[in-house]
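Data block for data10.txt (compact mmCIF, C-alpha atoms):
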```txt
# COMPACT_ATOMS: atom_id res chain seq x y z
CA MET A 251 0.00 0.00 0.00
CA ILE A 252 1.50 3.32 -1.09
CA LYS A 253 1.37 6.17 1.41
CA LYS A 254 0.83 9.80 0.40
CA ASP A 255 0.11 12.92 2.44
CA VAL A 256 -2.56 14.12 0.00
CA LEU A 257 -4.39 12.14 -2.67
CA ILE A 258 -6.40 13.93 -5.33
CA VAL A 259 -8.93 11.90 -7.27
CA GLY A 260 -9.48 13.40 -10.73
CA GLY A 261 -6.96 14.91 -13.10
CA GLY A 262 -9.12 17.69 -14.48
CA ALA A 263 -9.13 21.46 -13.96
CA ALA A 264 -9.99 21.40 -10.25
CA GLY A 265 -7.75 18.41 -9.48
CA PHE A 266 -4.63 19.89 -11.06
CA PHE A 267 -5.26 23.35 -9.63
CA ALA A 268 -5.65 21.92 -6.12
CA ALA A 269 -2.57 19.68 -6.42
CA ILE A 270 -0.29 22.43 -7.73
CA ASN A 271 -1.36 24.93 -5.06
CA ILE A 272 -1.06 22.38 -2.24
CA ALA A 273 2.44 21.37 -3.32
CA GLU A 274 3.49 24.99 -3.79
CA GLN A 275 2.15 26.14 -0.42
CA ASN A 276 3.62 23.18 1.45
CA PRO A 277 6.57 21.64 -0.45
CA GLY A 278 7.03 19.05 2.32
CA LEU A 279 3.82 17.20 1.39
CA LYS A 280 3.74 14.19 -0.90
CA VAL A 281 0.92 14.97 -3.32
CA ALA A 282 -0.44 12.60 -5.99
CA ILE A 283 -3.24 12.84 -8.57
CA LEU A 284 -5.15 9.68 -9.50
CA GLU A 285 -6.63 9.94 -13.00
CA LYS A 286 -8.58 7.06 -14.58
CA ALA A 287 -7.84 8.08 -18.21
CA LYS A 288 -4.51 7.81 -20.00
CA GLU A 289 -4.16 11.58 -19.89
CA GLY A 290 -5.67 14.39 -17.86
CA LEU A 291 -7.17 17.86 -18.42
CA GLN A 292 -9.43 16.62 -21.24
CA LYS A 293 -12.18 19.17 -20.58
CA VAL A 294 -9.64 21.98 -20.39
CA LYS A 295 -8.34 20.91 -23.79
CA ILE A 296 -11.70 21.02 -25.57
CA SER A 297 -13.34 23.92 -23.75
CA GLY A 298 -14.10 27.13 -25.61
CA GLY A 299 -13.70 25.40 -28.95
CA GLY A 300 -10.12 24.42 -28.10
CA ARG A 301 -9.24 27.91 -26.85
CA CYS A 302 -10.11 27.31 -23.15
CA ASN A 303 -12.49 29.88 -21.71
CA VAL A 304 -10.49 30.28 -18.47
CA THR A 305 -12.81 32.69 -16.62
CA HIS A 306 -15.11 35.68 -17.10
CA ALA A 307 -14.34 39.38 -16.67
CA GLU A 308 -16.73 39.94 -13.76
CA PHE A 309 -14.85 41.30 -10.75
CA ILE A 310 -17.62 41.82 -8.18
CA PRO A 311 -18.49 38.69 -6.15
CA LYS A 312 -22.15 39.72 -5.79
CA GLU A 313 -22.47 39.99 -9.57
CA LEU A 314 -20.39 36.90 -10.32
CA ILE A 315 -22.60 34.58 -8.24
CA LYS A 316 -25.63 35.51 -10.37
CA ASN A 317 -24.27 33.21 -13.09
CA TYR A 318 -24.67 30.06 -10.98
CA PRO A 319 -28.18 28.51 -11.03
CA ARG A 320 -26.93 26.11 -8.34
CA GLY A 321 -24.31 27.39 -5.89
CA GLU A 322 -25.17 31.09 -6.01
CA LYS A 323 -25.56 31.55 -2.26
CA GLU A 324 -22.72 29.23 -1.27
CA LEU A 325 -20.09 30.79 -3.56
CA LEU A 326 -20.35 34.35 -2.25
CA GLY A 327 -17.91 33.76 0.64
CA PRO A 328 -15.44 31.71 -1.45
CA PHE A 329 -15.38 34.37 -4.19
CA HIS A 330 -14.24 36.89 -1.57
CA GLN A 331 -11.27 34.58 -0.97
CA PHE A 332 -10.31 33.80 -4.57
CA MET A 333 -11.99 35.02 -7.72
CA THR A 334 -11.47 36.37 -11.23
CA GLY A 335 -8.68 38.85 -10.46
CA ASP A 336 -6.80 36.17 -8.51
CA THR A 337 -7.22 33.71 -11.39
CA ILE A 338 -5.76 36.23 -13.87
CA GLU A 339 -2.84 36.95 -11.53
CA TRP A 340 -2.23 33.23 -10.92
CA PHE A 341 -1.88 32.48 -14.63
CA GLU A 342 0.03 35.64 -15.51
CA SER A 343 2.60 35.06 -12.76
CA ARG A 344 3.25 31.70 -14.43
CA GLY A 345 3.70 33.20 -17.89
CA VAL A 346 0.16 32.77 -19.24
CA GLU A 347 -1.41 36.06 -20.28
CA LEU A 348 -5.18 36.23 -20.63
CA LYS A 349 -7.31 38.50 -22.82
CA ILE A 350 -10.90 39.70 -22.47
CA GLU A 351 -13.28 39.31 -25.41
CA GLU A 352 -16.24 41.59 -26.09
CA ASP A 353 -18.72 39.35 -24.29
CA GLY A 354 -16.54 39.18 -21.16
CA ARG A 355 -15.14 35.71 -21.74
CA MET A 356 -11.42 35.36 -21.04
CA PHE A 357 -8.98 33.24 -23.02
CA PRO A 358 -5.21 32.76 -23.11
CA LEU A 359 -3.55 35.28 -25.41
CA SER A 360 -2.30 32.32 -27.47
CA ASN A 361 -5.91 31.36 -28.27
CA SER A 362 -4.97 27.76 -27.50
CA SER A 363 -6.06 25.59 -24.59
CA GLN A 364 -2.71 23.78 -24.90
CA THR A 365 -1.14 26.84 -23.20
CA ILE A 366 -3.23 26.13 -20.08
CA VAL A 367 -2.57 22.38 -20.23
CA ASP A 368 1.19 22.97 -20.58
CA CYS A 369 1.14 25.47 -17.70
CA PHE A 370 -0.48 22.89 -15.40
CA LEU A 371 1.84 20.05 -16.45
CA ASN A 372 4.93 22.25 -15.99
CA GLU A 373 3.77 23.50 -12.58
CA ALA A 374 2.93 19.96 -11.45
CA GLU A 375 6.42 18.79 -12.45
CA LYS A 376 8.09 21.82 -10.87
CA HIS A 377 6.36 21.19 -7.53
CA GLN A 378 6.84 17.41 -7.70
CA VAL A 379 3.18 16.48 -7.93
CA GLU A 380 2.96 12.82 -8.92
CA ILE A 381 0.43 12.22 -11.70
CA LEU A 382 -0.78 8.63 -11.94
CA TYR A 383 -2.73 7.98 -15.13
CA ASN A 384 -4.83 4.84 -15.79
CA HIS A 385 -5.68 4.71 -12.08
CA GLY A 386 -9.44 4.22 -11.85
CA VAL A 387 -10.76 4.38 -8.29
CA ASN A 388 -12.83 1.35 -7.22
CA ALA A 389 -13.32 2.02 -3.51
CA ILE A 390 -12.78 4.65 -0.82
CA LYS A 391 -12.63 3.61 2.82
CA LYS A 392 -11.79 5.15 6.13
CA ALA A 393 -9.21 3.36 8.31
CA GLU A 394 -8.86 5.16 11.63
CA ASN A 395 -7.53 8.61 10.67
CA LEU A 396 -6.47 7.65 7.16
CA TRP A 397 -8.14 7.37 3.78
CA VAL A 398 -7.70 4.13 1.87
CA VAL A 399 -8.23 4.40 -1.89
CA GLU A 400 -8.35 1.21 -3.93
CA THR A 401 -7.52 1.67 -7.62
CA THR A 402 -7.20 -0.50 -10.72
CA GLN A 403 -3.43 -0.40 -10.19
CA GLY A 404 -3.02 -0.91 -6.46
CA ASP A 405 -4.06 0.63 -3.16
CA PHE A 406 -3.10 3.98 -1.67
CA VAL A 407 -3.41 5.48 1.77
CA ALA A 408 -3.43 9.19 2.58
CA ASP A 409 -3.97 11.64 5.43
CA LYS A 410 -6.11 13.90 3.28
CA LEU A 411 -8.32 13.16 0.30
CA VAL A 412 -9.53 15.64 -2.33
CA VAL A 413 -12.28 14.55 -4.74
CA ALA A 414 -12.34 16.54 -7.99
CA THR A 415 -13.93 14.08 -10.40
CA GLY A 416 -16.49 16.34 -12.09
CA SER A 417 -19.72 14.67 -13.18
CA SER A 418 -18.76 11.09 -12.43
CA PRO A 419 -21.69 8.76 -11.62
CA LYS A 420 -19.25 6.11 -10.36
CA MET A 421 -17.63 8.51 -7.90
CA TRP A 422 -21.01 9.79 -6.69
CA LYS A 423 -21.95 6.17 -5.97
CA LEU A 424 -18.78 5.70 -3.88
CA LEU A 425 -19.47 8.94 -2.00
CA GLU A 426 -23.02 7.80 -1.26
CA GLY A 427 -21.33 4.84 0.40
CA LEU A 428 -19.72 7.37 2.74
CA ASN A 429 -23.21 8.71 3.59
CA HIS A 430 -23.00 11.78 1.39
CA THR A 431 -26.22 12.83 -0.36
CA VAL A 432 -26.07 13.12 -4.13
CA ILE A 433 -28.57 15.33 -5.94
CA GLN A 434 -29.41 13.31 -9.04
CA PRO A 435 -27.67 14.84 -12.06
CA VAL A 436 -29.49 16.23 -15.09
CA PRO A 437 -27.91 18.00 -18.11
CA SER A 438 -27.48 21.72 -17.61
CA LEU A 439 -26.07 23.16 -20.85
CA PHE A 440 -27.92 22.07 -23.94
CA THR A 441 -29.47 23.41 -27.12
CA PHE A 442 -33.13 23.02 -28.11
CA ASP A 443 -34.34 20.64 -30.81
CA ILE A 444 -37.15 22.29 -32.81
CA LYS A 445 -38.74 21.23 -36.08
CA ASP A 446 -40.54 24.23 -37.54
CA GLU A 447 -41.03 25.68 -41.04
CA ARG A 448 -40.07 29.13 -39.75
CA ILE A 449 -36.49 28.08 -38.99
CA LYS A 450 -36.07 25.35 -41.59
CA ASP A 451 -33.18 25.78 -44.03
CA ILE A 452 -31.73 28.89 -42.35
CA PRO A 453 -29.01 27.49 -40.04
CA GLY A 454 -26.40 30.04 -39.03
CA VAL A 455 -28.88 32.92 -38.77
CA VAL A 456 -28.42 34.96 -35.58
CA ALA A 457 -31.05 37.25 -34.07
CA GLN A 458 -28.97 39.57 -31.89
CA GLN A 459 -31.36 40.53 -29.11
CA VAL A 460 -34.32 38.30 -28.32
CA GLU A 461 -36.44 37.63 -25.26
CA ILE A 462 -37.52 34.04 -24.59
CA LYS A 463 -40.06 32.62 -22.15
CA VAL A 464 -40.78 28.97 -21.45
CA LEU A 465 -44.57 28.84 -21.38
CA GLU A 466 -46.25 27.69 -18.14
CA THR A 467 -43.07 28.48 -16.13
CA ASP A 468 -41.24 31.55 -14.78
CA LEU A 469 -38.22 30.79 -16.94
CA TYR A 470 -37.06 33.77 -18.97
CA SER A 471 -33.90 34.74 -20.78
CA GLU A 472 -32.57 37.28 -23.27
CA GLY A 473 -29.57 37.66 -25.56
CA PRO A 474 -28.41 36.41 -28.97
CA LEU A 475 -30.21 33.45 -30.56
CA LEU A 476 -28.65 31.15 -33.16
CA ILE A 477 -30.72 29.01 -35.52
CA THR A 478 -29.04 25.62 -36.06
CA HIS A 479 -29.62 22.55 -38.26
CA VAL A 480 -31.66 20.97 -35.47
CA GLY A 481 -33.19 23.94 -33.65
CA MET A 482 -31.84 26.83 -31.57
CA SER A 483 -28.71 27.65 -29.58
CA ALA A 484 -26.51 30.60 -28.41
CA PRO A 485 -26.53 32.42 -25.02
CA ALA A 486 -30.28 33.11 -24.86
CA ILE A 487 -31.00 29.36 -25.12
CA LEU A 488 -28.06 28.15 -23.00
CA LYS A 489 -29.04 30.46 -20.14
CA LEU A 490 -32.54 28.99 -20.22
CA SER A 491 -31.14 25.46 -20.28
CA ALA A 492 -28.97 26.14 -17.21
CA TYR A 493 -31.60 27.89 -15.11
CA GLY A 494 -34.31 25.51 -16.29
CA ALA A 495 -32.23 22.32 -15.99
CA LEU A 496 -34.46 20.66 -13.38
CA GLU A 497 -37.78 21.98 -14.68
CA LEU A 498 -37.06 21.05 -18.32
CA ALA A 499 -35.85 17.57 -17.32
CA LYS A 500 -39.18 17.10 -15.48
CA ARG A 501 -40.95 17.92 -18.74
CA ASN A 502 -38.81 15.39 -20.56
CA TYR A 503 -37.54 18.22 -22.81
CA ASN A 504 -40.95 18.66 -24.34
CA PHE A 505 -42.28 22.19 -23.89
CA GLN A 506 -43.16 25.44 -25.67
CA ILE A 507 -41.19 28.65 -25.83
CA GLU A 508 -42.36 32.12 -26.80
CA ILE A 509 -39.85 34.37 -28.55
CA ASN A 510 -39.89 38.11 -28.96
CA PHE A 511 -37.42 38.65 -31.81
CA ILE A 512 -37.44 42.46 -31.66
CA LYS A 513 -37.90 43.43 -27.98
CA HIS A 514 -40.99 45.57 -28.80
CA THR A 515 -44.43 44.88 -27.38
CA PHE A 516 -47.08 43.48 -29.72
CA ASP A 517 -48.95 46.83 -29.73
CA ASP A 518 -45.83 48.90 -30.47
CA CYS A 519 -44.87 46.53 -33.24
CA LEU A 520 -48.36 46.72 -34.74
CA ASP A 521 -48.20 50.53 -34.69
CA VAL A 522 -44.86 50.48 -36.53
CA LEU A 523 -46.22 48.03 -39.13
CA LYS A 524 -49.24 50.28 -39.74
CA VAL A 525 -46.95 53.24 -40.44
CA LEU A 526 -44.81 51.11 -42.77
CA LYS A 527 -47.96 50.00 -44.60
CA HIS A 528 -48.34 53.62 -45.80
CA GLU A 529 -44.66 54.57 -46.11
CA LEU A 530 -43.67 51.50 -48.11
CA ALA A 531 -47.04 51.01 -49.82
CA LYS A 532 -45.69 49.94 -53.23
CA LYS A 533 -42.88 47.71 -51.95
CA THR A 534 -43.23 44.01 -51.15
CA VAL A 535 -43.20 43.10 -47.46
CA PHE A 536 -40.91 40.13 -48.20
CA LYS A 537 -38.11 42.31 -49.53
CA SER A 538 -38.38 45.13 -46.96
CA THR A 539 -36.64 43.66 -43.92
CA GLN A 540 -37.38 45.63 -40.72
CA PHE A 541 -36.30 45.82 -37.04
CA ASP A 542 -32.65 44.94 -37.83
CA LEU A 543 -33.66 41.30 -38.26
CA PRO A 544 -31.55 38.97 -40.41
CA LYS A 545 -33.05 38.95 -43.90
CA ARG A 546 -33.61 35.19 -44.03
CA LEU A 547 -35.47 35.18 -40.71
CA TRP A 548 -37.66 38.13 -41.81
CA HIS A 549 -38.56 36.19 -44.99
CA LYS A 550 -39.65 33.16 -42.96
CA LEU A 551 -41.78 35.21 -40.55
CA VAL A 552 -43.46 37.09 -43.41
CA LEU A 553 -44.36 33.82 -45.15
CA ALA A 554 -45.71 32.48 -41.84
CA SER A 555 -48.09 35.46 -41.70
CA PHE A 556 -50.42 34.43 -44.55
CA MET A 557 -48.44 36.37 -47.16
CA THR A 558 -46.52 35.50 -50.31
CA GLU A 559 -43.28 36.93 -51.67
CA ASP A 560 -45.40 39.30 -53.81
CA THR A 561 -47.65 40.76 -51.10
CA ARG A 562 -47.23 44.54 -51.04
CA TRP A 563 -47.42 46.63 -47.88
CA ALA A 564 -50.47 48.48 -49.24
CA ASP A 565 -52.33 45.21 -49.71
CA MET A 566 -51.82 43.85 -46.18
CA ASN A 567 -55.11 43.23 -44.39
CA LYS A 568 -55.77 43.43 -40.66
CA GLN A 569 -55.19 39.71 -40.11
CA GLN A 570 -51.84 39.76 -41.90
CA LEU A 571 -50.68 42.83 -39.96
CA GLU A 572 -51.63 41.28 -36.63
CA THR A 573 -50.15 37.89 -37.50
CA LEU A 574 -46.83 39.46 -38.51
CA ALA A 575 -46.77 41.51 -35.29
CA GLY A 576 -47.42 38.26 -33.40
CA GLN A 577 -44.64 36.38 -35.25
CA LEU A 578 -42.20 39.16 -34.42
CA THR A 579 -43.07 39.55 -30.74
CA GLN A 580 -44.88 36.40 -29.57
CA ALA A 581 -43.71 33.53 -31.80
CA VAL A 582 -44.40 30.16 -30.16
CA PHE A 583 -42.13 27.21 -30.94
CA HIS A 584 -42.45 23.61 -29.76
CA VAL A 585 -39.26 22.12 -28.32
CA THR A 586 -39.13 18.33 -28.71
CA GLY A 587 -35.72 17.48 -27.25
CA LYS A 588 -32.20 18.63 -26.48
CA SER A 589 -28.70 18.32 -27.89
CA THR A 590 -25.53 18.53 -25.81
CA PHE A 591 -23.82 21.88 -26.24
CA LYS A 592 -20.58 21.15 -28.14
CA ASP A 593 -18.35 18.98 -25.94
CA GLU A 594 -18.82 21.14 -22.88
CA PHE A 595 -21.10 18.81 -21.05
CA VAL A 596 -22.18 20.31 -17.74
CA THR A 597 -24.60 18.78 -15.27
CA ALA A 598 -26.81 20.12 -12.51
CA GLY A 599 -26.46 17.70 -9.62
CA GLY A 600 -23.78 16.28 -7.35
CA ILE A 601 -22.89 16.33 -3.66
CA ASP A 602 -25.53 18.18 -1.63
CA LEU A 603 -24.15 21.62 -0.73
CA LYS A 604 -25.60 21.41 2.79
CA GLU A 605 -22.93 18.79 3.54
CA ILE A 606 -19.97 21.07 2.70
CA ASN A 607 -18.19 23.69 4.79
CA PHE A 608 -17.62 26.47 2.25
CA LYS A 609 -14.87 28.11 4.30
CA THR A 610 -12.63 25.15 3.42
CA PHE A 611 -14.67 22.99 0.96
CA GLU A 612 -14.32 20.17 3.50
CA SER A 613 -16.99 17.55 4.06
CA LYS A 614 -19.10 18.17 7.16
CA LEU A 615 -19.45 14.40 7.56
CA HIS A 616 -15.79 13.35 7.34
CA GLU A 617 -12.68 15.12 8.48
CA ASN A 618 -9.93 15.51 5.86
CA LEU A 619 -12.25 14.83 2.91
CA PHE A 620 -12.44 17.78 0.50
CA PHE A 621 -14.29 18.53 -2.73
CA ALA A 622 -13.62 20.88 -5.66
CA GLY A 623 -15.33 21.57 -8.97
CA GLU A 624 -18.33 19.98 -10.53
CA VAL A 625 -18.49 16.92 -8.26
CA LEU A 626 -20.50 19.32 -6.05
CA ASN A 627 -24.04 20.40 -6.95
CA ILE A 628 -22.74 23.63 -8.50
CA ASP A 629 -23.04 24.62 -12.14
CA ALA A 630 -23.03 27.80 -14.16
CA ILE A 631 -24.14 29.25 -17.44
CA THR A 632 -21.63 29.17 -20.29
CA GLY A 633 -18.87 31.80 -20.40
CA GLY A 634 -15.98 30.66 -18.16
CA PHE A 635 -17.99 30.50 -14.94
CA ASN A 636 -17.72 26.73 -14.44
CA PHE A 637 -13.93 27.00 -14.58
CA GLN A 638 -13.94 29.89 -12.12
CA ASN A 639 -15.86 27.68 -9.67
CA ALA A 640 -13.18 25.00 -10.15
CA TRP A 641 -10.28 27.41 -9.54
CA THR A 642 -11.92 28.98 -6.49
CA GLY A 643 -12.87 25.70 -4.82
CA ALA A 644 -9.50 24.12 -5.57
CA PHE A 645 -7.55 27.11 -4.26
CA ILE A 646 -9.51 27.18 -0.99
CA VAL A 647 -9.06 23.41 -0.61
CA ALA A 648 -5.31 23.86 -1.17
CA LYS A 649 -5.14 26.49 1.56
CA ALA A 650 -6.97 24.23 4.02
CA VAL A 651 -5.01 21.09 3.13
CA SER A 652 -1.50 22.59 3.07
CA ASN A 653 -1.71 24.13 6.54
```
Encoded form using structure tokens:
Amino acid sequence: MIKKDVLIVGGGAAGFFAAINIAEQNPGLKVAILEKAKEGLQKVKISGGGRCNVTHAEFIPKELIKNYPRGEKELLGPFHQFMTGDTIEWFESRGVELKIEEDGRMFPLSNSSQTIVDCFLNEAEKHQVEILYNHGVNAIKKAENLWVVETTQGDFVADKLVVATGSSPKMWKLLEGLNHTVIQPVPSLFTFDIKDERIKDIPGVVAQQVEIKVLETDLYSEGPLLITHVGMSAPAILKLSAYGALELAKRNYNFQIEINFIKHTFDDCLDVLKVLKHELAKKTVFKSTQFDLPKRLWHKLVLASFMTEDTRWADMNKQQLETLAGQLTQAVFHVTGKSTFKDEFVTAGGIDLKEINFKTFESKLHENLFFAGEVLNIDAITGGFNFQNAWTGAFIVAKAVSN
């Protein structure tokens, strides 16, 4: 049985960040990462389309927590200990400069996630963190004051154990064996599958500022909307999917959404259309795109309003005017399923937050058992927030463990 001071289960973002900071803060400790795959940091590698969306340029804890459908309340204290500014400083002091994009997302200046992966591997080597790949964990037991971890390649024993395994059903099962409560996981970031004539054959079209409601719920979101081959995506949809994760799972991903494509009320829109009816009398409605809408989307909504490509503004009747106003401000679409958002699979669910001391991220049930990252019931909307949760939790764990 191999003895270590600190064992970290999971070689992802949170696992590496915890290990490096523990070893740096207390060089006397023997620290090892157990990773079941043949290499680590897989999610880091693919995140942000291979660019790695490290964090988000939000520097006020009270504002930052608003991006976490689960974990909002619990993360306020931790973000006062370590947050976005600290993340930027941590990477920059190790030679990785970050840049802010227009939407607030932050990436390495190199535009490559390999920069982050290399930084972690170099830091781990520098601080003598042992990385053990192909070590799947089969059991976790407590023996007096020590943790015994049985793996596919032998058994380990450690004074302190850090679990940073992300959304791992197998690990949640093992933790339930230690009397921890696991909130059943459901997908949190996903796009909507919609079959509808109005969005057929126009993938790639983006409506910049829409408002979306899920009918029969309080769920609401706004932002850019992307029409895809199978339905709809982009921030407006992904925000809804994160905040509605539990509710939409209950509905088996079968529900209706109402979209306001132009952020005007129905009445205001109708008034504008009536003015246009006179101003553009001789022109065809089809060819006179309005409200800064993408041309192809305008065409579809016009055709869905009982008009043809030849209908002129002057010839529009009351029903056509009202229908077009409705399509622009109250368009109802039927969602029939979901698709995982790229490779960035995030789940709502995990270890119940009531069982964690958020000053140290230590288990309230077992001394010297710590958690970091998505293994906890914390998740965020897209934009670098899930990584920030990983860095914050891992850093606080490191502080507690290395003392």
I'd like the contact shell of Val256 in chain A - 9 Å cut-off, all atoms listed in the file, skipping same-chain residues fewer than 5 positions apart - returned as a tab-separated table (two decimals) with C-alpha atoms, in the frame of the given file.
```tsv
chain	number	residue	atom	x	y	z
A	269	ALA	CA	-2.57	19.68	-6.42
A	272	ILE	CA	-1.06	22.38	-2.24
A	279	LEU	CA	3.82	17.20	1.39
A	280	LYS	CA	3.74	14.19	-0.90
A	281	VAL	CA	0.92	14.97	-3.32
A	282	ALA	CA	-0.44	12.60	-5.99
A	283	ILE	CA	-3.24	12.84	-8.57
A	407	VAL	CA	-3.41	5.48	1.77
A	408	ALA	CA	-3.43	9.19	2.58
A	409	ASP	CA	-3.97	11.64	5.43
A	410	LYS	CA	-6.11	13.90	3.28
A	411	LEU	CA	-8.32	13.16	0.30
A	412	VAL	CA	-9.53	15.64	-2.33
A	651	VAL	CA	-5.01	21.09	3.13
```
Pick from A:Lys286, A:Arg448, A:Lys588, A:Arg546 nearest to Leu488 in chain A, counting only C-alpha atoms:
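Result for the nearest residue to Leu488 in chain A: A:Lys588.
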Have a look at CA of Glu497 in chain A and CA of Thr642 in chain A and let me know their distance in Å, one decimal.
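That distance, rounded to one decimal, is 28.0 Å.
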Need the shell around range 398-404 of chain A: protein/DNA/RNA residues with any atom at most 12 Å away, counting only C-alpha atoms. Skip same-chain ones fewer than 2 positions apart. Format as an MDAnalysis selection string?
chainID A and resid 251:259 283:287 382:396 406:413 421 424 619
Using only C-alpha atoms, please write the residues we just selected to a file, as a compact mmCIF listing (two decimals), in the frame of the given file.
```txt
# COMPACT_ATOMS: atom_id res chain seq x y z
CA MET A 251 0.00 0.00 0.00
CA ILE A 252 1.50 3.32 -1.09
CA LYS A 253 1.37 6.17 1.41
CA LYS A 254 0.83 9.80 0.40
CA ASP A 255 0.11 12.92 2.44
CA VAL A 256 -2.56 14.12 0.00
CA LEU A 257 -4.39 12.14 -2.67
CA ILE A 258 -6.40 13.93 -5.33
CA VAL A 259 -8.93 11.90 -7.27
CA ILE A 283 -3.24 12.84 -8.57
CA LEU A 284 -5.15 9.68 -9.50
CA GLU A 285 -6.63 9.94 -13.00
CA LYS A 286 -8.58 7.06 -14.58
CA ALA A 287 -7.84 8.08 -18.21
CA LEU A 382 -0.78 8.63 -11.94
CA TYR A 383 -2.73 7.98 -15.13
CA ASN A 384 -4.83 4.84 -15.79
CA HIS A 385 -5.68 4.71 -12.08
CA GLY A 386 -9.44 4.22 -11.85
CA VAL A 387 -10.76 4.38 -8.29
CA ASN A 388 -12.83 1.35 -7.22
CA ALA A 389 -13.32 2.02 -3.51
CA ILE A 390 -12.78 4.65 -0.82
CA LYS A 391 -12.63 3.61 2.82
CA LYS A 392 -11.79 5.15 6.13
CA ALA A 393 -9.21 3.36 8.31
CA GLU A 394 -8.86 5.16 11.63
CA ASN A 395 -7.53 8.61 10.67
CA LEU A 396 -6.47 7.65 7.16
CA PHE A 406 -3.10 3.98 -1.67
CA VAL A 407 -3.41 5.48 1.77
CA ALA A 408 -3.43 9.19 2.58
CA ASP A 409 -3.97 11.64 5.43
CA LYS A 410 -6.11 13.90 3.28
CA LEU A 411 -8.32 13.16 0.30
CA VAL A 412 -9.53 15.64 -2.33
CA VAL A 413 -12.28 14.55 -4.74
CA MET A 421 -17.63 8.51 -7.90
CA LEU A 424 -18.78 5.70 -3.88
CA LEU A 619 -12.25 14.83 2.91
```
Neighbours of Ser483 in chain A within 6 Å (all atoms listed in the file; same-chain residues fewer than 3 positions away dropped), as a ChimeraX atom specification?
/A:441,476,487
Using all atoms listed in the file, the shortest atom-to-atom distance to Ile452 in chain A among A:Trp548, A:Glu472, A:Ser360, A:Thr534 belongs to A:Trp548
May I have the residues within 10 Å of Lys450 in chain A as a PyMOL selection string, using all atoms listed in the file and disregarding those fewer than 2 positions away in the same chain?
chain A and resi 444-448+452-453+477-481+547+550
Between A:Ser652, A:Ser438, A:Asn429, A:Ser555, which one has atoms that come closest to Ala630 in chain A, using only C-alpha atoms?
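The closest residue to Ala630 in chain A is A:Ser438.
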Which residue gives the smallest distance to Lys649 in chain A among A:Phe309, A:Phe635, A:Phe611, A:Tyr470, with only C-alpha atoms counted?
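When distances to Lys649 in chain A are compared using only C-alpha atoms, the smallest one comes from A:Phe611.
Each of A:Met333, A:Leu578, A:Ile509, A:Leu291 was checked against Gly634 in chain A using all atoms listed in the file; the smallest atom-to-atom distance is that of A:Met333.
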Find, counting all atoms listed in the file, the residue in A:Ala531, A:Leu439, A:Leu553, A:Ala648 that gets nearest to Phe591 in chain A.
A:Leu439
I'd like the contact shell of Leu626 in chain A - 7 Å cut-off, all atoms listed in the file, skipping same-chain residues fewer than 4 positions apart - returned as a PyMOL selection string.
chain A and resi 600-603
Using all atoms listed in the file, give me every residue within 6 Å of (-11.1, 31.5, -1.4) in file coordinates, as a VMD selection string.
chain A and resid 328 to 329 331 to 332 642 646
To one decimal place in Å, what is the distance between CA of Lys463 in chain A and CA of Lys513 in chain A?
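Pair CA of Lys463 in chain A / CA of Lys513 in chain A returns 12.5 Å.
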Distance CA of Ile338 in chain A-CA of Gly261 in chain A, one decimal place?
21.4 Å
Please, which residues are within 7 Å of (-31.5, 15.9, -30.6) by the file's coordinates, counting only C-alpha atoms, and could they come as an MDAnalysis selection string?
chainID A and resid 443 587:589
With 8 Å added on each side, what axis-aligned box encloses every listed atom of range 382-386 of chain A? Give the centre and edge lengths in Å to one decimal, as AutoDock Vina command-line options.
```
--center_x -5.1 --center_y 6.4 --center_z -13.8 --size_x 24.7 --size_y 20.4 --size_z 19.9
```
